[in-house]
file upload_10.cif (mmCIF, C-alpha atoms and all ligand atoms; chains and numbers go by the auth columns)
data_start
#
loop_
_atom_site.group_PDB
_atom_site.id
_atom_site.type_symbol
_atom_site.label_atom_id
_atom_site.label_comp_id
_atom_site.label_asym_id
_atom_site.label_seq_id
_atom_site.Cartn_x
_atom_site.Cartn_y
_atom_site.Cartn_z
_atom_site.B_iso_or_equiv
_atom_site.auth_seq_id
_atom_site.auth_asym_id
ATOM 1 C CA MET A 1 0.000 0.000 0.000 0.00 28 A
ATOM 2 C CA ASN A 2 1.084 3.542 -0.781 0.00 29 A
ATOM 3 C CA LYS A 3 2.456 5.500 2.188 0.00 30 A
ATOM 4 C CA ARG A 4 1.522 9.148 2.267 0.00 31 A
ATOM 5 C CA GLY A 5 2.133 11.875 4.822 0.00 32 A
ATOM 6 C CA PHE A 6 -0.950 13.478 6.340 0.00 33 A
ATOM 7 C CA ILE A 7 -0.112 16.818 7.942 0.00 34 A
ATOM 8 C CA PHE A 8 -2.600 18.440 10.295 0.00 35 A
ATOM 9 C CA ASP A 9 -2.731 22.086 11.254 0.00 36 A
ATOM 10 C CA LEU A 10 -3.685 22.488 14.934 0.00 37 A
ATOM 11 C CA ASP A 11 -5.729 25.618 15.655 0.00 38 A
ATOM 12 C CA GLY A 12 -9.066 25.359 13.862 0.00 39 A
ATOM 13 C CA VAL A 13 -8.414 21.844 12.529 0.00 40 A
ATOM 14 C CA ILE A 14 -7.773 19.554 15.503 0.00 41 A
ATOM 15 C CA VAL A 15 -9.111 21.865 18.215 0.00 42 A
ATOM 16 C CA ASP A 16 -11.135 25.052 18.086 0.00 43 A
ATOM 17 C CA THR A 17 -8.493 27.244 19.699 0.00 44 A
ATOM 18 C CA ALA A 18 -9.089 29.720 16.846 0.00 45 A
ATOM 19 C CA LYS A 19 -11.941 31.086 18.978 0.00 46 A
ATOM 20 C CA TYR A 20 -9.552 31.649 21.923 0.00 47 A
ATOM 21 C CA HIS A 21 -7.016 33.405 19.672 0.00 48 A
ATOM 22 C CA PHE A 22 -9.865 35.636 18.474 0.00 49 A
ATOM 23 C CA LEU A 23 -10.959 36.538 22.017 0.00 50 A
ATOM 24 C CA ALA A 24 -7.395 37.262 23.150 0.00 51 A
ATOM 25 C CA TRP A 25 -6.542 39.391 20.081 0.00 52 A
ATOM 26 C CA LYS A 26 -9.856 41.256 20.306 0.00 53 A
ATOM 27 C CA LYS A 27 -9.194 42.140 23.944 0.00 54 A
ATOM 28 C CA LEU A 28 -5.704 43.362 23.110 0.00 55 A
ATOM 29 C CA ALA A 29 -6.892 45.374 20.092 0.00 56 A
ATOM 30 C CA ASN A 30 -9.721 46.977 22.078 0.00 57 A
ATOM 31 C CA ASP A 31 -7.304 47.755 24.952 0.00 58 A
ATOM 32 C CA VAL A 32 -5.135 49.816 22.596 0.00 59 A
ATOM 33 C CA GLY A 33 -8.221 51.481 21.104 0.00 60 A
ATOM 34 C CA ILE A 34 -8.609 49.464 17.886 0.00 61 A
ATOM 35 C CA ASP A 35 -11.770 47.800 16.612 0.00 62 A
ATOM 36 C CA PHE A 36 -11.331 44.119 15.716 0.00 63 A
ATOM 37 C CA THR A 37 -13.710 42.189 13.483 0.00 64 A
ATOM 38 C CA GLU A 38 -14.188 38.511 12.555 0.00 65 A
ATOM 39 C CA THR A 39 -13.091 39.373 8.998 0.00 66 A
ATOM 40 C CA GLN A 40 -9.805 40.807 10.269 0.00 67 A
ATOM 41 C CA ASN A 41 -9.411 37.727 12.471 0.00 68 A
ATOM 42 C CA GLU A 42 -9.671 35.525 9.363 0.00 69 A
ATOM 43 C CA GLN A 43 -6.465 37.171 8.102 0.00 70 A
ATOM 44 C CA LEU A 44 -4.639 36.226 11.310 0.00 71 A
ATOM 45 C CA LYS A 45 -5.430 32.512 11.166 0.00 72 A
ATOM 46 C CA GLY A 46 -2.269 30.477 10.663 0.00 73 A
ATOM 47 C CA VAL A 47 -0.200 33.667 10.965 0.00 74 A
ATOM 48 C CA SER A 48 2.545 33.832 13.626 0.00 75 A
ATOM 49 C CA ARG A 49 2.127 35.818 16.852 0.00 76 A
ATOM 50 C CA VAL A 50 4.604 38.513 15.769 0.00 77 A
ATOM 51 C CA LYS A 51 3.033 38.952 12.325 0.00 78 A
ATOM 52 C CA SER A 52 -0.471 39.020 13.838 0.00 79 A
ATOM 53 C CA LEU A 53 0.403 41.878 16.189 0.00 80 A
ATOM 54 C CA GLU A 54 2.137 43.772 13.380 0.00 81 A
ATOM 55 C CA LYS A 55 -1.051 43.509 11.295 0.00 82 A
ATOM 56 C CA ILE A 56 -3.334 44.638 14.134 0.00 83 A
ATOM 57 C CA LEU A 57 -1.184 47.685 14.959 0.00 84 A
ATOM 58 C CA ASN A 58 -1.036 48.495 11.251 0.00 85 A
ATOM 59 C CA TRP A 59 -4.827 48.393 10.947 0.00 86 A
ATOM 60 C CA GLY A 60 -5.045 50.891 13.808 0.00 87 A
ATOM 61 C CA ASN A 61 -2.180 53.041 12.479 0.00 88 A
ATOM 62 C CA ILE A 62 -0.380 52.578 15.775 0.00 89 A
ATOM 63 C CA THR A 63 3.393 52.558 16.257 0.00 90 A
ATOM 64 C CA VAL A 64 4.886 51.235 19.504 0.00 91 A
ATOM 65 C CA SER A 65 8.388 50.792 20.877 0.00 92 A
ATOM 66 C CA GLU A 66 10.015 47.365 20.640 0.00 93 A
ATOM 67 C CA GLU A 67 9.608 46.959 24.388 0.00 94 A
ATOM 68 C CA LYS A 68 5.880 47.747 24.236 0.00 95 A
ATOM 69 C CA PHE A 69 5.527 45.367 21.262 0.00 96 A
ATOM 70 C CA HIS A 70 6.930 42.483 23.306 0.00 97 A
ATOM 71 C CA GLN A 71 4.811 43.450 26.273 0.00 98 A
ATOM 72 C CA LEU A 72 1.669 43.351 24.101 0.00 99 A
ATOM 73 C CA MET A 73 2.634 39.943 22.669 0.00 100 A
ATOM 74 C CA ASP A 74 3.164 38.591 26.206 0.00 101 A
ATOM 75 C CA GLN A 75 -0.137 40.038 27.340 0.00 102 A
ATOM 76 C CA LYS A 76 -1.995 38.360 24.452 0.00 103 A
ATOM 77 C CA ASN A 77 -0.278 35.041 25.106 0.00 104 A
ATOM 78 C CA GLN A 78 -1.036 35.123 28.843 0.00 105 A
ATOM 79 C CA ASP A 79 -4.671 35.775 28.041 0.00 106 A
ATOM 80 C CA TYR A 80 -4.682 32.964 25.447 0.00 107 A
ATOM 81 C CA LEU A 81 -3.010 30.552 27.895 0.00 108 A
ATOM 82 C CA SER A 82 -5.712 31.234 30.469 0.00 109 A
ATOM 83 C CA TYR A 83 -8.270 29.955 27.942 0.00 110 A
ATOM 84 C CA ILE A 84 -6.333 26.839 26.958 0.00 111 A
ATOM 85 C CA ASP A 85 -5.478 26.005 30.558 0.00 112 A
ATOM 86 C CA THR A 86 -8.850 24.333 31.062 0.00 113 A
ATOM 87 C CA MET A 87 -8.891 22.426 27.771 0.00 114 A
ATOM 88 C CA THR A 88 -9.595 18.679 27.741 0.00 115 A
ATOM 89 C CA ALA A 89 -9.975 15.973 25.092 0.00 116 A
ATOM 90 C CA ASN A 90 -13.639 17.038 24.853 0.00 117 A
ATOM 91 C CA GLU A 91 -12.475 19.980 22.762 0.00 118 A
ATOM 92 C CA ILE A 92 -11.074 17.838 19.956 0.00 119 A
ATOM 93 C CA LEU A 93 -13.124 18.718 16.886 0.00 120 A
ATOM 94 C CA VAL A 94 -15.732 16.368 15.500 0.00 121 A
ATOM 95 C CA ASP A 95 -14.463 13.143 13.860 0.00 122 A
ATOM 96 C CA VAL A 96 -10.763 14.101 14.097 0.00 123 A
ATOM 97 C CA PRO A 97 -10.104 10.947 16.211 0.00 124 A
ATOM 98 C CA ARG A 98 -11.923 8.786 13.617 0.00 125 A
ATOM 99 C CA ILE A 99 -9.699 10.055 10.783 0.00 126 A
ATOM 100 C CA LEU A 100 -6.497 9.820 12.859 0.00 127 A
ATOM 101 C CA GLN A 101 -7.341 6.268 13.868 0.00 128 A
ATOM 102 C CA HIS A 102 -8.032 5.282 10.265 0.00 129 A
ATOM 103 C CA LEU A 103 -4.721 6.764 9.064 0.00 130 A
ATOM 104 C CA LYS A 104 -2.841 4.901 11.798 0.00 131 A
ATOM 105 C CA GLN A 105 -4.603 1.669 10.899 0.00 132 A
ATOM 106 C CA GLU A 106 -3.602 2.179 7.247 0.00 133 A
ATOM 107 C CA ASN A 107 0.009 2.776 8.333 0.00 134 A
ATOM 108 C CA GLN A 108 0.186 6.320 6.953 0.00 135 A
ATOM 109 C CA GLY A 109 2.577 9.027 8.181 0.00 136 A
ATOM 110 C CA VAL A 110 0.838 11.475 10.511 0.00 137 A
ATOM 111 C CA ALA A 111 2.355 14.858 11.384 0.00 138 A
ATOM 112 C CA LEU A 112 1.417 18.166 12.965 0.00 139 A
ATOM 113 C CA GLY A 113 2.265 21.402 11.126 0.00 140 A
ATOM 114 C CA SER A 114 1.282 24.403 13.218 0.00 141 A
ATOM 115 C CA ALA A 115 2.417 28.010 13.494 0.00 142 A
ATOM 116 C CA SER A 116 1.713 27.987 17.220 0.00 143 A
ATOM 117 C CA LYS A 117 4.447 28.032 19.851 0.00 144 A
ATOM 118 C CA ASN A 118 1.866 26.542 22.220 0.00 145 A
ATOM 119 C CA ALA A 119 1.143 23.513 20.006 0.00 146 A
ATOM 120 C CA ARG A 120 2.924 20.867 22.072 0.00 147 A
ATOM 121 C CA ALA A 121 1.263 22.031 25.301 0.00 148 A
ATOM 122 C CA ILE A 122 -2.175 21.941 23.641 0.00 149 A
ATOM 123 C CA LEU A 123 -1.612 18.440 22.212 0.00 150 A
ATOM 124 C CA LYS A 124 -0.698 17.239 25.701 0.00 151 A
ATOM 125 C CA LYS A 125 -3.830 18.871 27.156 0.00 152 A
ATOM 126 C CA VAL A 126 -6.085 17.011 24.725 0.00 153 A
ATOM 127 C CA ALA A 127 -4.090 13.747 25.002 0.00 154 A
ATOM 128 C CA LEU A 128 -2.993 13.612 21.344 0.00 155 A
ATOM 129 C CA TYR A 129 0.736 14.218 21.839 0.00 156 A
ATOM 130 C CA GLU A 130 1.683 10.567 21.288 0.00 157 A
ATOM 131 C CA THR A 131 -0.462 10.227 18.149 0.00 158 A
ATOM 132 C CA PHE A 132 1.867 12.135 15.805 0.00 159 A
ATOM 133 C CA ASP A 133 4.942 10.635 14.125 0.00 160 A
ATOM 134 C CA ALA A 134 6.334 14.172 13.768 0.00 161 A
ATOM 135 C CA ILE A 135 5.458 17.503 15.357 0.00 162 A
ATOM 136 C CA VAL A 136 6.555 20.762 13.726 0.00 163 A
ATOM 137 C CA ASP A 137 5.370 23.987 15.330 0.00 164 A
ATOM 138 C CA GLY A 138 6.155 27.677 15.771 0.00 165 A
ATOM 139 C CA THR A 139 9.274 26.835 17.757 0.00 166 A
ATOM 140 C CA ASN A 140 10.775 24.917 14.805 0.00 167 A
ATOM 141 C CA VAL A 141 10.341 27.351 11.924 0.00 168 A
ATOM 142 C CA SER A 142 11.851 30.648 10.884 0.00 169 A
ATOM 143 C CA LYS A 143 9.337 31.528 8.168 0.00 170 A
ATOM 144 C CA ALA A 144 5.626 31.819 8.852 0.00 171 A
ATOM 145 C CA LYS A 145 2.784 30.467 6.660 0.00 172 A
ATOM 146 C CA PRO A 146 2.109 31.166 3.727 0.00 173 A
ATOM 147 C CA ASP A 147 5.769 30.122 3.468 0.00 174 A
ATOM 148 C CA PRO A 148 5.770 26.307 3.047 0.00 175 A
ATOM 149 C CA GLU A 149 8.644 25.767 5.540 0.00 176 A
ATOM 150 C CA VAL A 150 6.516 24.219 8.318 0.00 177 A
ATOM 151 C CA PHE A 151 5.009 21.587 6.000 0.00 178 A
ATOM 152 C CA LEU A 152 8.298 20.870 4.194 0.00 179 A
ATOM 153 C CA ILE A 153 10.007 20.174 7.531 0.00 180 A
ATOM 154 C CA ALA A 154 7.103 17.918 8.532 0.00 181 A
ATOM 155 C CA ALA A 155 7.439 15.945 5.263 0.00 182 A
ATOM 156 C CA LYS A 156 11.176 15.628 5.843 0.00 183 A
ATOM 157 C CA GLU A 157 10.651 14.369 9.395 0.00 184 A
ATOM 158 C CA LEU A 158 8.162 11.813 8.101 0.00 185 A
ATOM 159 C CA ASN A 159 10.684 10.886 5.415 0.00 186 A
ATOM 160 C CA ILE A 160 7.992 11.271 2.751 0.00 187 A
ATOM 161 C CA ALA A 161 8.302 13.418 -0.406 0.00 188 A
ATOM 162 C CA PRO A 162 6.262 16.680 -0.331 0.00 189 A
ATOM 163 C CA GLU A 163 4.238 15.581 -3.402 0.00 190 A
ATOM 164 C CA GLN A 164 3.126 12.545 -1.398 0.00 191 A
ATOM 165 C CA CYS A 165 1.747 14.698 1.427 0.00 192 A
ATOM 166 C CA VAL A 166 -1.758 15.914 2.193 0.00 193 A
ATOM 167 C CA VAL A 167 -2.406 18.975 4.395 0.00 194 A
ATOM 168 C CA PHE A 168 -5.530 19.736 6.440 0.00 195 A
ATOM 169 C CA GLU A 169 -5.807 23.498 7.068 0.00 196 A
ATOM 170 C CA ASP A 170 -8.411 26.043 8.196 0.00 197 A
ATOM 171 C CA SER A 171 -6.505 29.182 7.149 0.00 198 A
ATOM 172 C CA ILE A 172 -5.934 30.925 3.833 0.00 199 A
ATOM 173 C CA ALA A 173 -2.225 31.316 4.658 0.00 200 A
ATOM 174 C CA GLY A 174 -1.967 27.591 5.447 0.00 201 A
ATOM 175 C CA ILE A 175 -3.668 26.514 2.212 0.00 202 A
ATOM 176 C CA GLN A 176 -1.263 28.744 0.271 0.00 203 A
ATOM 177 C CA ALA A 177 1.663 27.194 2.178 0.00 204 A
ATOM 178 C CA ALA A 178 0.471 23.665 1.315 0.00 205 A
ATOM 179 C CA ASN A 179 -0.023 24.582 -2.343 0.00 206 A
ATOM 180 C CA SER A 180 3.450 26.073 -2.642 0.00 207 A
ATOM 181 C CA ALA A 181 4.891 22.946 -1.001 0.00 208 A
ATOM 182 C CA ASN A 182 3.246 20.942 -3.863 0.00 209 A
ATOM 183 C CA MET A 183 1.067 19.067 -1.408 0.00 210 A
ATOM 184 C CA ILE A 184 -2.631 18.217 -1.707 0.00 211 A
ATOM 185 C CA SER A 185 -4.468 20.919 0.255 0.00 212 A
ATOM 186 C CA ILE A 186 -7.680 20.173 2.094 0.00 213 A
ATOM 187 C CA GLY A 187 -9.529 23.142 3.562 0.00 214 A
ATOM 188 C CA ILE A 188 -11.529 22.669 6.754 0.00 215 A
ATOM 189 C CA GLY A 189 -14.097 25.458 6.913 0.00 216 A
ATOM 190 C CA GLU A 190 -15.973 27.653 4.482 0.00 217 A
ATOM 191 C CA GLU A 191 -15.716 27.061 0.737 0.00 218 A
ATOM 192 C CA ASP A 192 -15.706 30.787 -0.143 0.00 219 A
ATOM 193 C CA VAL A 193 -12.852 31.542 2.291 0.00 220 A
ATOM 194 C CA LEU A 194 -10.731 28.504 1.370 0.00 221 A
ATOM 195 C CA SER A 195 -11.356 28.537 -2.390 0.00 222 A
ATOM 196 C CA GLU A 196 -7.642 28.020 -3.156 0.00 223 A
ATOM 197 C CA ALA A 197 -7.714 24.526 -1.584 0.00 224 A
ATOM 198 C CA ASN A 198 -7.867 21.348 -3.694 0.00 225 A
ATOM 199 C CA PHE A 199 -10.831 20.152 -1.587 0.00 226 A
ATOM 200 C CA VAL A 200 -12.922 21.866 1.088 0.00 227 A
ATOM 201 C CA PHE A 201 -15.016 20.244 3.826 0.00 228 A
ATOM 202 C CA LYS A 202 -16.986 21.966 6.547 0.00 229 A
ATOM 203 C CA ASP A 203 -15.502 19.613 9.139 0.00 230 A
ATOM 204 C CA PHE A 204 -14.154 16.059 9.417 0.00 231 A
ATOM 205 C CA SER A 205 -17.639 14.548 9.686 0.00 232 A
ATOM 206 C CA GLU A 206 -17.907 15.229 5.941 0.00 233 A
ATOM 207 C CA ILE A 207 -14.728 13.247 5.196 0.00 234 A
ATOM 208 C CA SER A 208 -15.335 9.559 4.531 0.00 235 A
ATOM 209 C CA THR A 209 -12.758 6.793 4.974 0.00 236 A
ATOM 210 C CA ASP A 210 -13.422 6.052 1.309 0.00 237 A
ATOM 211 C CA PHE A 211 -12.193 9.557 0.400 0.00 238 A
ATOM 212 C CA ILE A 212 -9.064 9.027 2.526 0.00 239 A
ATOM 213 C CA ASN A 213 -8.430 5.626 0.918 0.00 240 A
ATOM 214 C CA LYS A 214 -8.684 7.181 -2.528 0.00 241 A
ATOM 215 C CA LEU A 215 -6.099 9.816 -1.519 0.00 242 A
ATOM 216 C CA ILE A 216 -3.782 7.113 -0.214 0.00 243 A
ATOM 217 C CA ASN A 217 -3.971 5.124 -3.430 0.00 244 A
ATOM 218 C CA LYS A 218 -3.957 8.039 -5.858 0.00 245 A
HETATM 219 P P1 LIG B . 0.857 31.145 19.235 0.00 301 A
HETATM 220 P P2 LIG B . -2.090 27.019 13.520 0.00 301 A
HETATM 221 C C1 LIG B . -1.665 29.458 14.518 0.00 301 A
HETATM 222 O O1 LIG B . -1.817 28.092 14.700 0.00 301 A
HETATM 223 C C2 LIG B . -2.978 30.206 14.720 0.00 301 A
HETATM 224 O O2 LIG B . -3.883 29.902 13.684 0.00 301 A
HETATM 225 C C3 LIG B . -2.744 31.690 14.732 0.00 301 A
HETATM 226 O O3 LIG B . -3.954 32.364 14.972 0.00 301 A
HETATM 227 C C4 LIG B . -1.711 32.018 15.831 0.00 301 A
HETATM 228 O O4 LIG B . -1.414 33.407 15.862 0.00 301 A
HETATM 229 C C5 LIG B . -0.432 31.230 15.558 0.00 301 A
HETATM 230 O O5 LIG B . -0.742 29.844 15.528 0.00 301 A
HETATM 231 C C6 LIG B . 0.612 31.456 16.627 0.00 301 A
HETATM 232 O O6 LIG B . 0.152 30.911 17.814 0.00 301 A
HETATM 233 O O7 LIG B . 0.599 32.554 19.620 0.00 301 A
HETATM 234 O O8 LIG B . 0.160 30.126 20.114 0.00 301 A
HETATM 235 O O9 LIG B . 2.318 30.838 19.050 0.00 301 A
HETATM 236 O O10 LIG B . -3.437 27.353 12.969 0.00 301 A
HETATM 237 O O11 LIG B . -0.941 27.157 12.534 0.00 301 A
HETATM 238 O O12 LIG B . -2.072 25.707 14.267 0.00 301 A
HETATM 239 MG MG MG B . -5.228 26.878 11.868 0.00 302 A
#

call {"tool": "encode", "arguments": {"input": "upload_10.cif", "output": "structure tokens"}}
result
Amino acid sequence: MNKRGFIFDLDGVIVDTAKYHFLAWKKLANDVGIDFTETQNEQLKGVSRVKSLEKILNWGNITVSEEKFHQLMDQKNQDYLSYIDTMTANEILVDVPRILQHLKQENQGVALGSASKNARAILKKVALYETFDAIVDGTNVSKAKPDPEVFLIAAKELNIAPEQCVVFEDSIAGIQAANSANMISIGIGEEDVLSEANFVFKDFSEISTDFINKLINK
């Protein structure tokens, strides 16, 4: 049987921490006097912490010292950590365990490819840390999505060629990263937002094992 690499994004794909990022960024933006909408939040998904804050300050035409910048990043992360502190396996998104289990059973490579520096802590919280053959997160990369670095490192760690990899992503930046890595991109979310993906599903309940088997044997 063909062995492919299946690379999962974390926030918004495995767990719905995207909502906690939104709340923490909104609080920070409002604190410095900037409005923050869901549409703006969409542009931060998959984007690193530094780049996200740069974008928010830009939207509000605000310039801060380097020291203040770091203080704001810390403040956002502390706020975010207070949300994820209480997370349990109950917060794993629908049918993610079913797909992971099927991939394991079919002896496929399974990796995590996240921009988050908190990824390992979150995986431990929801008891999925041991499930992945490779974990690549914000602490392992120097270039943020839409740069393909995170997924290329994951493929390398799985020892599987990029063209043999499939990426599950909820962000525009992540889909672009997967496409430029020459991987099959699968969007999890809204079709109109993730139109650049090769396939889009609302969530994993829409993904059949038959679809996965076809990808494996393609
Ligand atoms: P942290 P993903 C990304 O994770 C999030 O989508 C994005 O909103 C966040 O800013 C980024 O991680 C950095 O996260 O502040 O925890 O290091 O979607 O690539 O798993
Ligand atoms: Mg994401």

call {"tool": "resolve_selection", "arguments": {"input": "upload_10.cif", "expression": "the PyMOL selection byres (((not hetatm)) within 6 of (chain A and resi 301))", "output": "list in words"}}
result
Asp36, Leu37, Asp38, His48, Leu71, Lys72, Gly73, Val74, Ser75, Arg76, Ser141, Ala142, Ser143, Lys144, Asn145 and Gly165 of chain A

call {"tool": "closest_residue", "arguments": {"input": "upload_10.cif", "among": "A:Glu94, A:Glu69, A:Asp62, A:Asp112", "to": "ligand MG 302 (chain A)", "atoms": "all atoms listed in the file"}}
result
A:Glu69

call {"tool": "atom_distance", "arguments": {"input": "upload_10.cif", "atom1": "CA of Asn134 (chain A)", "atom2": "CA of Glu118 (chain A)"}}
result
25.7 Å

call {"tool": "residues_near_ligand", "arguments": {"input": "upload_10.cif", "ligand": "ligand MG 302 (chain A)", "cutoff": "12 Å", "atoms": "all atoms listed in the file", "output": "ChimeraX atom specification"}}
result
/A:34-49,68-75,139-143,146,164,172-173,194-202,204,214-216,221

call {"tool": "closest_residue", "arguments": {"input": "upload_10.cif", "among": "A:Ile187, A:Leu55, A:Ala171, A:Leu155", "to": "Asn104 (chain A)", "atoms": "all atoms listed in the file"}}
result
A:Leu55

call {"tool": "axis_aligned_box", "arguments": {"input": "upload_10.cif", "around": "region 81-97 of chain A", "padding_each_side": "8 Å", "output": "AutoDock Vina command-line options"}}
result
--center_x 2.5 --center_y 47.8 --center_z 17.7 --size_x 31.1 --size_y 26.6 --size_z 29.4

call {"tool": "atom_distance", "arguments": {"input": "upload_10.cif", "atom1": "CA of Lys103 (chain A)", "atom2": "CA of Thr90 (chain A)"}}
result
17.3 Å

call {"tool": "atom_distance", "arguments": {"input": "upload_10.cif", "atom1": "CA of Lys131 (chain A)", "atom2": "CA of Val168 (chain A)"}}
result
26.0 Å

call {"tool": "closest_residue", "arguments": {"input": "upload_10.cif", "among": "A:Ser169, A:His129, A:Asp160, A:Met114", "to": "Ala148 (chain A)", "atoms": "all atoms listed in the file"}}
result
A:Met114

call {"tool": "resolve_selection", "arguments": {"input": "upload_10.cif", "expression": "the PyMOL selection byres (((chain A and resi 83) around 10) and not hetatm)", "output": "list in words"}}
result
Trp52, Lys53, Leu55, Ala56, Ile61, Asp62, Phe63, Gln67, Asn68, Leu71, Lys78, Ser79, Leu80, Glu81, Lys82, Leu84, Asn85, Trp86, Gly87, Asn88 and Ile89 of chain A

call {"tool": "resolve_selection", "arguments": {"input": "upload_10.cif", "expression": "the PyMOL selection byres (((chain A and resi 209) around 10) and not hetatm)", "output": "number ranges by chain"}}
result
A: 175, 179, 188-193, 203-208, 210-212

call {"tool": "closest_residue", "arguments": {"input": "upload_10.cif", "among": "A:Ile111, A:Leu130, A:Ala138, A:Ala181", "to": "Val153 (chain A)", "atoms": "all atoms listed in the file"}}
result
A:Ile111

call {"tool": "closest_residue", "arguments": {"input": "upload_10.cif", "among": "A:Arg125, A:Phe33, A:Asp101, A:Asp174", "to": "Ala161 (chain A)", "atoms": "all atoms listed in the file"}}
result
A:Phe33
